[in-house]
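Structure file data.tsv; described as TSV, C-alpha atoms.
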chain	number	residue	atom	x	y	z
A	19	MET	CA	-71.89	-26.04	-85.98
A	20	ASN	CA	-75.45	-27.33	-86.17
A	21	ARG	CA	-76.21	-31.01	-86.01
A	22	GLN	CA	-75.24	-32.63	-89.28
A	23	PHE	CA	-77.15	-35.51	-90.85
A	24	LEU	CA	-78.12	-36.69	-94.27
A	25	ILE	CA	-81.50	-37.95	-95.29
A	26	LEU	CA	-81.48	-41.00	-97.55
A	27	TRP	CA	-84.56	-41.53	-99.63
A	28	ILE	CA	-85.90	-45.10	-99.76
A	29	ILE	CA	-89.21	-46.33	-101.19
A	30	PRO	CA	-90.65	-48.55	-98.40
A	31	SER	CA	-93.60	-49.67	-100.45
A	32	ALA	CA	-91.44	-50.86	-103.28
A	33	LEU	CA	-88.51	-52.22	-101.27
A	34	PHE	CA	-87.49	-55.65	-102.47
A	35	THR	CA	-90.68	-56.09	-104.54
A	36	PHE	CA	-90.57	-56.69	-108.22
A	37	LEU	CA	-93.36	-57.16	-110.72
A	38	GLN	CA	-93.51	-60.58	-112.36
A	39	ALA	CA	-91.01	-62.08	-109.92
A	40	GLY	CA	-90.79	-65.87	-109.91
A	41	LEU	CA	-90.95	-68.14	-106.88
A	42	THR	CA	-87.15	-68.55	-106.70
A	43	ASP	CA	-86.64	-64.82	-107.12
A	44	PHE	CA	-89.18	-64.15	-104.42
A	45	LYS	CA	-87.25	-66.34	-101.95
A	46	THR	CA	-84.03	-64.54	-102.85
A	47	ILE	CA	-85.72	-61.18	-102.42
A	48	GLU	CA	-86.98	-62.23	-98.97
A	49	ALA	CA	-83.49	-63.34	-97.96
A	50	ALA	CA	-82.05	-60.04	-99.18
A	51	LYS	CA	-84.70	-58.15	-97.22
A	52	GLU	CA	-83.93	-60.08	-94.03
A	53	ALA	CA	-80.18	-59.43	-94.49
A	54	TYR	CA	-80.86	-55.73	-95.05
A	55	GLU	CA	-82.96	-55.48	-91.89
A	56	ALA	CA	-80.25	-57.35	-90.00
A	57	LYS	CA	-77.78	-54.71	-91.27
A	58	ALA	CA	-75.94	-57.33	-93.32
A	59	TYR	CA	-75.90	-54.86	-96.21
A	60	THR	CA	-73.09	-56.47	-98.20
A	61	LYS	CA	-74.91	-59.85	-98.08
A	62	SER	CA	-78.15	-58.17	-99.10
A	63	ALA	CA	-76.48	-56.52	-102.12
A	64	ALA	CA	-74.92	-59.84	-103.14
A	65	LEU	CA	-78.29	-61.63	-103.02
A	66	LEU	CA	-79.91	-58.93	-105.10
A	67	ASN	CA	-77.11	-59.07	-107.66
A	68	ALA	CA	-77.74	-62.85	-107.94
A	69	LEU	CA	-81.22	-62.21	-109.33
A	70	GLU	CA	-81.47	-62.78	-113.05
A	71	SER	CA	-84.07	-60.09	-113.57
A	72	LYS	CA	-82.80	-56.59	-114.32
A	73	THR	CA	-85.18	-53.85	-113.22
A	74	PRO	CA	-84.64	-50.24	-112.09
A	75	GLN	CA	-86.06	-51.06	-108.69
A	76	LYS	CA	-83.53	-53.89	-108.26
A	77	GLU	CA	-80.63	-51.53	-109.09
A	78	TYR	CA	-82.04	-48.89	-106.75
A	79	ASP	CA	-82.31	-51.41	-103.88
A	80	ILE	CA	-78.77	-52.65	-104.60
A	81	GLY	CA	-77.63	-48.99	-104.48
A	82	ASN	CA	-79.24	-48.59	-101.06
A	83	ALA	CA	-77.54	-51.78	-99.79
A	84	TYR	CA	-74.14	-50.59	-101.07
A	85	TYR	CA	-74.69	-47.17	-99.50
A	86	LYS	CA	-75.47	-48.78	-96.13
A	87	SER	CA	-72.33	-50.93	-96.40
A	88	LYS	CA	-70.30	-47.69	-97.13
A	89	ASN	CA	-69.39	-48.85	-100.62
A	90	TYR	CA	-70.23	-45.42	-102.03
A	91	ASP	CA	-68.72	-45.84	-105.48
A	92	ALA	CA	-70.80	-49.00	-106.08
A	93	ALA	CA	-73.87	-47.22	-104.69
A	94	ILE	CA	-73.47	-44.29	-107.13
A	95	LYS	CA	-73.12	-46.74	-110.03
A	96	SER	CA	-76.29	-48.63	-109.04
A	97	TYR	CA	-78.28	-45.40	-108.57
A	98	ARG	CA	-77.29	-44.23	-112.06
A	99	GLN	CA	-78.35	-47.62	-113.53
A	100	ALA	CA	-81.75	-47.42	-111.82
A	101	ASP	CA	-83.13	-45.42	-114.74
A	102	GLY	CA	-86.91	-45.38	-114.33
A	103	VAL	CA	-86.95	-44.74	-110.59
A	104	ASP	CA	-87.69	-41.12	-109.58
A	105	LYS	CA	-84.69	-39.11	-110.87
A	106	ALA	CA	-84.87	-36.40	-108.17
A	107	MET	CA	-84.80	-39.11	-105.53
A	108	ARG	CA	-81.87	-40.90	-107.20
A	109	LEU	CA	-79.95	-37.60	-107.52
A	110	HIS	CA	-80.65	-36.91	-103.86
A	111	ASN	CA	-79.09	-40.27	-102.87
A	112	ILE	CA	-76.19	-39.83	-105.34
A	113	GLY	CA	-75.52	-36.47	-103.67
A	114	ASN	CA	-75.46	-38.23	-100.29
A	115	ALA	CA	-72.94	-40.79	-101.56
A	116	TYR	CA	-70.64	-38.03	-102.82
A	117	PHE	CA	-71.06	-36.20	-99.52
A	118	GLN	CA	-69.88	-39.28	-97.60
A	119	LYS	CA	-66.86	-39.49	-99.90
A	120	LYS	CA	-66.16	-35.81	-98.99
A	121	ASP	CA	-66.51	-34.92	-102.65
A	122	LEU	CA	-68.60	-31.89	-101.74
A	123	GLU	CA	-68.39	-30.30	-105.17
A	124	SER	CA	-70.08	-33.32	-106.79
A	125	ALA	CA	-72.57	-33.58	-103.91
A	126	ILE	CA	-73.65	-29.94	-104.33
A	127	LYS	CA	-74.04	-30.47	-108.07
A	128	SER	CA	-76.28	-33.56	-107.54
A	129	TYR	CA	-78.44	-31.73	-104.94
A	130	GLU	CA	-78.87	-28.72	-107.25
A	131	GLU	CA	-79.91	-30.99	-110.14
A	132	ALA	CA	-82.44	-32.71	-107.90
A	133	LEU	CA	-83.90	-29.34	-106.77
A	134	GLN	CA	-84.20	-28.24	-110.41
A	135	ILE	CA	-86.47	-31.23	-110.97
A	136	ARG	CA	-88.42	-30.75	-107.78
A	137	GLU	CA	-88.12	-28.53	-104.74
A	138	ASP	CA	-87.64	-30.60	-101.61
A	139	GLU	CA	-86.96	-29.55	-98.04
A	140	GLU	CA	-84.66	-32.48	-97.27
A	141	THR	CA	-82.67	-32.02	-100.47
A	142	ARG	CA	-82.38	-28.28	-99.71
A	143	PHE	CA	-81.15	-29.03	-96.21
A	144	ASN	CA	-78.52	-31.43	-97.55
A	145	LEU	CA	-77.45	-28.84	-100.14
A	146	GLU	CA	-76.93	-26.09	-97.52
A	147	LEU	CA	-75.09	-28.53	-95.32
A	148	ALA	CA	-72.81	-29.51	-98.20
A	149	LYS	CA	-72.11	-25.85	-99.02
A	150	LYS	CA	-71.29	-25.10	-95.37
A	151	MET	CA	-69.00	-28.10	-95.20
A	152	LYS	CA	-67.34	-27.00	-98.43
A	153	LYS	CA	-66.57	-23.55	-96.98
A	154	GLU	CA	-65.10	-25.14	-93.88
A	155	GLN	CA	-63.17	-27.54	-96.09
A	156	GLU	CA	-61.81	-24.67	-98.18
A	157	LYS	CA	-60.96	-22.75	-95.02
A	158	LYS	CA	-59.10	-25.76	-93.68
A	159	LYS	CA	-57.34	-26.15	-97.01
A	160	GLN	CA	-56.28	-22.51	-96.92
A	161	GLU	CA	-55.12	-22.84	-93.33
A	162	GLN	CA	-53.31	-26.03	-94.22
A	163	LYS	CA	-51.76	-24.33	-97.22
A	164	LYS	CA	-50.65	-21.38	-95.07
A	165	LYS	CA	-49.31	-23.78	-92.50
A	166	GLU	CA	-47.40	-25.70	-95.16
A	167	GLN	CA	-46.09	-22.44	-96.62
A	168	LYS	CA	-45.06	-21.29	-93.16
A	169	GLU	CA	-43.36	-24.61	-92.47
A	170	GLN	CA	-41.69	-24.49	-95.87
A	171	LYS	CA	-40.54	-20.94	-95.20
A	172	LYS	CA	-39.24	-21.98	-91.80
A	173	LYS	CA	-37.41	-24.93	-93.36
A	174	GLU	CA	-35.86	-22.64	-95.95
A	175	GLN	CA	-34.93	-20.14	-93.24
A	176	ASP	CA	-33.46	-22.89	-91.06
A	177	LYS	CA	-31.59	-24.21	-94.07
A	178	LYS	CA	-30.26	-20.74	-94.83
A	179	GLU	CA	-29.25	-20.24	-91.19
A	180	ASP	CA	-27.52	-23.62	-91.19
A	181	GLN	CA	-25.76	-22.69	-94.42
A	182	ASP	CA	-24.73	-19.32	-92.97
A	183	LYS	CA	-23.48	-21.02	-89.81
A	184	LYS	CA	-21.56	-23.50	-91.91
A	185	GLU	CA	-20.04	-20.71	-94.00
A	186	ASP	CA	-19.19	-18.75	-90.84
A	187	GLN	CA	-17.58	-21.83	-89.32
A	188	ASN	CA	-15.63	-22.47	-92.52
A	189	SER	CA	-14.57	-18.82	-92.52
A	190	LYS	CA	-13.49	-19.08	-88.87
A	191	ASP	CA	-11.59	-22.28	-89.61
A	192	GLU	CA	-9.83	-20.63	-92.55
A	193	GLN	CA	-9.01	-17.58	-90.41
A	194	GLN	CA	-7.65	-19.82	-87.64
A	195	LYS	CA	-5.54	-21.69	-90.17
A	196	GLU	CA	-4.27	-18.40	-91.59
A	197	ASP	CA	-3.51	-17.05	-88.10
A	198	ALA	CA	-1.75	-20.28	-87.17
A	199	LYS	CA	0.29	-20.09	-90.38
A	200	LYS	CA	1.28	-16.48	-89.72
A	201	LYS	CA	2.12	-17.29	-86.11
A	202	LYS	CA	4.27	-20.20	-87.24
A	203	GLU	CA	6.05	-18.02	-89.81
A	204	GLN	CA	6.65	-15.32	-87.19
A	205	SER	CA	7.94	-17.92	-84.75
A	206	GLU	CA	10.25	-19.41	-87.38
A	207	LYS	CA	11.44	-15.93	-88.34
A	208	LYS	CA	12.04	-15.09	-84.68
A	209	ASP	CA	13.91	-18.36	-84.10
A	210	LYS	CA	15.97	-17.77	-87.23
A	211	LYS	CA	16.84	-14.24	-86.11
A	212	LYS	CA	17.67	-15.51	-82.65
A	213	GLU	CA	19.87	-18.21	-84.16
A	214	GLY	CA	21.59	-15.61	-86.36
A	215	ASP	CA	22.17	-13.29	-83.41
A	216	GLN	CA	23.55	-16.18	-81.36
A	217	LYS	CA	25.84	-17.18	-84.20
A	218	GLU	CA	27.06	-13.60	-84.59
A	219	LYS	CA	27.61	-13.39	-80.84
A	220	ASN	CA	29.52	-16.67	-80.90
A	221	ASP	CA	31.60	-15.44	-83.83
A	222	GLN	CA	32.44	-12.26	-81.90
A	223	LYS	CA	33.15	-14.22	-78.76
A	224	LYS	CA	35.33	-16.77	-80.51
A	225	PRO	CA	38.48	-14.56	-80.88
A	226	GLU	CA	38.21	-13.56	-77.22
A	227	ASP	CA	37.82	-17.17	-76.20
A	228	GLN	CA	40.71	-18.15	-78.44
A	229	LYS	CA	42.88	-15.40	-77.00
A	230	LYS	CA	41.92	-16.39	-73.49
A	231	LYS	CA	42.62	-20.00	-74.32
A	232	GLU	CA	46.03	-19.12	-75.68
A	233	GLU	CA	46.78	-17.04	-72.58
A	234	ASP	CA	45.68	-19.94	-70.39
A	235	GLN	CA	47.90	-22.30	-72.38
A	236	LYS	CA	50.81	-19.88	-72.06
A	237	LYS	CA	50.27	-19.59	-68.33
A	238	LYS	CA	50.12	-23.35	-68.09
A	239	GLY	CA	53.36	-23.56	-70.14
A	240	ASP	CA	55.08	-20.97	-67.94
A	241	LYS	CA	53.91	-22.77	-64.86
A	242	LYS	CA	55.21	-26.08	-66.18
A	243	LYS	CA	58.55	-24.42	-67.04
A	244	SER	CA	58.76	-22.83	-63.60
A	245	ASP	CA	57.93	-26.14	-61.97
A	246	ALA	CA	60.60	-27.84	-64.07
A	247	GLN	CA	63.23	-25.26	-63.01
A	248	LYS	CA	62.29	-25.72	-59.39
A	249	GLU	CA	62.72	-29.44	-59.73
A	250	LYS	CA	66.27	-28.95	-61.10
A	251	LYS	CA	67.41	-26.86	-58.08
A	252	PRO	CA	68.98	-28.87	-55.26
A	253	LYS	CA	67.07	-29.20	-52.08
A	254	GLY	CA	68.11	-26.89	-49.22
A	255	ASP	CA	70.06	-24.58	-51.61
A	256	LYS	CA	70.20	-21.48	-49.47
A	257	PRO	CA	69.07	-20.84	-45.98
A	258	LYS	CA	66.26	-18.42	-45.50
A	259	ASP	CA	65.72	-16.02	-42.68
A	260	LYS	CA	62.58	-15.66	-40.70
A	261	LYS	CA	60.95	-13.42	-43.32
A	262	GLY	CA	61.44	-15.97	-46.07
A	263	ASP	CA	64.32	-14.12	-47.79
A	264	LYS	CA	67.71	-15.61	-48.43
A	265	ALA	CA	70.18	-15.30	-45.56
A	266	SER	CA	72.06	-12.03	-45.78
A	267	GLY	CA	75.76	-11.83	-44.93
A	268	GLN	CA	79.22	-12.00	-46.40
A	269	PRO	CA	78.47	-14.05	-49.53
A	270	GLN	CA	75.96	-11.45	-50.75
A	271	LYS	CA	78.38	-8.63	-50.05
A	272	GLN	CA	81.22	-10.51	-51.68
A	273	LYS	CA	79.10	-10.99	-54.79
A	274	LYS	CA	78.47	-7.26	-54.89
A	275	MET	CA	82.15	-6.39	-54.56
A	276	SER	CA	83.13	-8.76	-57.29
A	277	LYS	CA	80.84	-6.91	-59.57
A	278	GLU	CA	82.38	-3.58	-58.71
A	279	GLU	CA	85.83	-5.00	-59.29
A	280	LYS	CA	84.74	-6.26	-62.65
A	281	LEU	CA	83.52	-2.82	-63.60
A	282	LYS	CA	86.74	-1.28	-62.45
A	283	GLU	CA	88.73	-3.80	-64.38
A	284	GLN	CA	86.83	-2.98	-67.51
A	285	GLU	CA	87.40	0.67	-66.91
A	286	LEU	CA	91.14	0.07	-66.42
A	287	LYS	CA	91.32	-1.88	-69.64
A	288	ARG	CA	89.73	0.95	-71.45
A	289	LEU	CA	92.15	3.45	-69.93
A	290	LEU	CA	95.16	1.26	-70.65
A	291	LYS	CA	94.15	0.81	-74.18
A	292	LYS	CA	93.82	4.48	-74.51
A	293	MET	CA	97.20	5.10	-72.98
A	294	GLY	CA	98.85	2.47	-75.14
A	295	GLN	CA	100.08	0.48	-72.22
A	296	LYS	CA	100.20	-3.26	-72.11
A	297	GLY	CA	99.30	-5.46	-69.31
A	298	THR	CA	96.71	-5.16	-66.73
A	299	PRO	CA	97.79	-3.61	-63.42
A	300	THR	CA	96.07	-4.97	-60.44
A	301	MET	CA	94.78	-3.11	-57.50
A	302	MET	CA	94.74	-4.62	-54.12
A	303	TYR	CA	92.68	-3.57	-51.27
A	304	GLN	CA	93.84	-4.14	-47.75
A	305	MET	CA	91.02	-5.71	-45.83
A	306	GLY	CA	90.88	-6.25	-42.11
A	307	ASN	CA	92.33	-4.22	-39.17
A	308	SER	CA	95.61	-3.23	-40.94
A	309	LYS	CA	96.07	0.48	-41.54
A	310	LYS	CA	97.02	1.89	-44.91
A	311	SER	CA	100.56	3.33	-44.98
A	312	LYS	CA	100.78	7.00	-45.64
A	313	ARG	CA	101.89	7.84	-49.11
A	314	SER	CA	104.95	10.03	-49.38
A	315	GLU	CA	104.26	13.47	-50.60
A	316	ASP	CA	107.08	13.05	-53.14
A	317	GLU	CA	105.70	9.82	-54.40
A	318	LYS	CA	104.16	10.11	-57.82
A	319	PRO	CA	100.87	8.69	-58.67
A	320	TRP	CA	100.82	5.43	-60.65

What does the file become when written as structure tokens?
Amino acid sequence: MNRQFLILWIIPSALFTFLQAGLTDFKTIEAAKEAYEAKAYTKSAALLNALESKTPQKEYDIGNAYYKSKNYDAAIKSYRQADGVDKAMRLHNIGNAYFQKKDLESAIKSYEEALQIREDEETRFNLELAKKMKKEQEKKKQEQKKKEQKEQKKKEQDKKEDQDKKEDQNSKDEQQKEDAKKKKEQSEKKDKKKEGDQKEKNDQKKPEDQKKKEEDQKKKGDKKKSDAQKEKKPKGDKPKDKKGDKASGQPQKQKKMSKEEKLKEQELKRLLKKMGQKGTPTMMYQMGNSKKSKRSEDEKPW
């Protein structure tokens, strides 16, 4: 960019001089001039405003003081009230004030109006500068607008992504809850089935356990009965041989013979009853070393 500067038009020959000015006004004008040269522009404008006289040159000088103090709105107002001072020059300075406010549209308009009155190299320079600045300003505005649109788009995209993430998370949470619910139901169903199977198994096992219990009780009862019978038997009842059996000998044989005799006796009773005889004959057996006497051949059987 080329060097930028604005040219402010001032009338040196007429600065702070007024026709028909009184002695007091002259002193005030001198003080305002000294303040202006000392760059005390606000003080200079105040001194000029204190003058009772109202002339276009006074308003123009006040406008210049306000412009130098960067009070551009007050400067524009004073330039417009300086009707009678060269209009092209006033429009030139009004354009400068708008330029400083960055109101380039109004600045360009003021410069163009001044050039319509009179062609001027400085006014033309300021006009081209204002137009160039306006293009750059519009370019910056467009870039800023694009940037804002891009940022807004990014914000909307980020917001949408956040919303999608939130929805996905909610969906995952719901799915996890649903899976946990199903898992719990399956676990409860499995536990219930297991409990039912165990109950059925226990029901099937119960008769067997009861039967076994009864058998155990019976065995215990038999054992108690056997123990009770053993307690009733006298101690040292019968001698036992080396093998643990009862001593064998004559008593056992005698017991066996008595049984045979009993059977024979029963048989004799049956025969006697059949034969109609009364009484019970006895039969004696000779035991020992004695020999049986020989029965006579003529002897009849009994």

Quiz item: Using all atoms listed in the file, which residue out of A:Gln118, A:Gln194, A:Ser96, A:Gln181 lies closest to A:Met151?
Solution: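 For A:Met151, the nearest of the candidates is A:Gln118.
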
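Our summary of the geometry notes that atom CA of A:Lys76 is positioned 27.4 Å from atom CA of A:Leu122.
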
Quiz item: In Å to one decimal, how far is atom CA of A:Gln193 from atom CA of A:Glu213?
Solution: 29.6 Å

Practice problem: May I ask for the distance between atom CA of A:Gln162 and atom CA of A:Gly113, given in Å to one decimal place? | Solution: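 Calculated distance between atom CA of A:Gln162 and atom CA of A:Gly113 is 26.3 Å.
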
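For A:Tyr85, the set of protein, DNA and RNA residues having any atom at most 7 Å away, when counting only C-alpha atoms and skipping those fewer than 5 positions along the same chain, is Tyr90, Ala93 and Ala115 of chain A.
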
Self-check item: Shell around stretch 99-104 of chain A at 6 Å using only C-alpha atoms, local window under 2 positions removed, as a PyMOL selection string
Solution: chain A and resi 74+77-78+96-97+106-107

Exercise. For each of A:Asp215, A:Asp197, A:Asp245, A:Asp91, take the minimum atom-to-atom distance to A:Asn114, counting all atoms listed in the file, then give the residue where this is smallest.
Key: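 The closest residue to A:Asn114 is A:Asp91.
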
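For the residues A:Lys190, A:Asn144, A:Gln134, A:Asp43, ranking by smallest atom-to-atom distance to A:Lys72 using only C-alpha atoms places A:Asp43 first.
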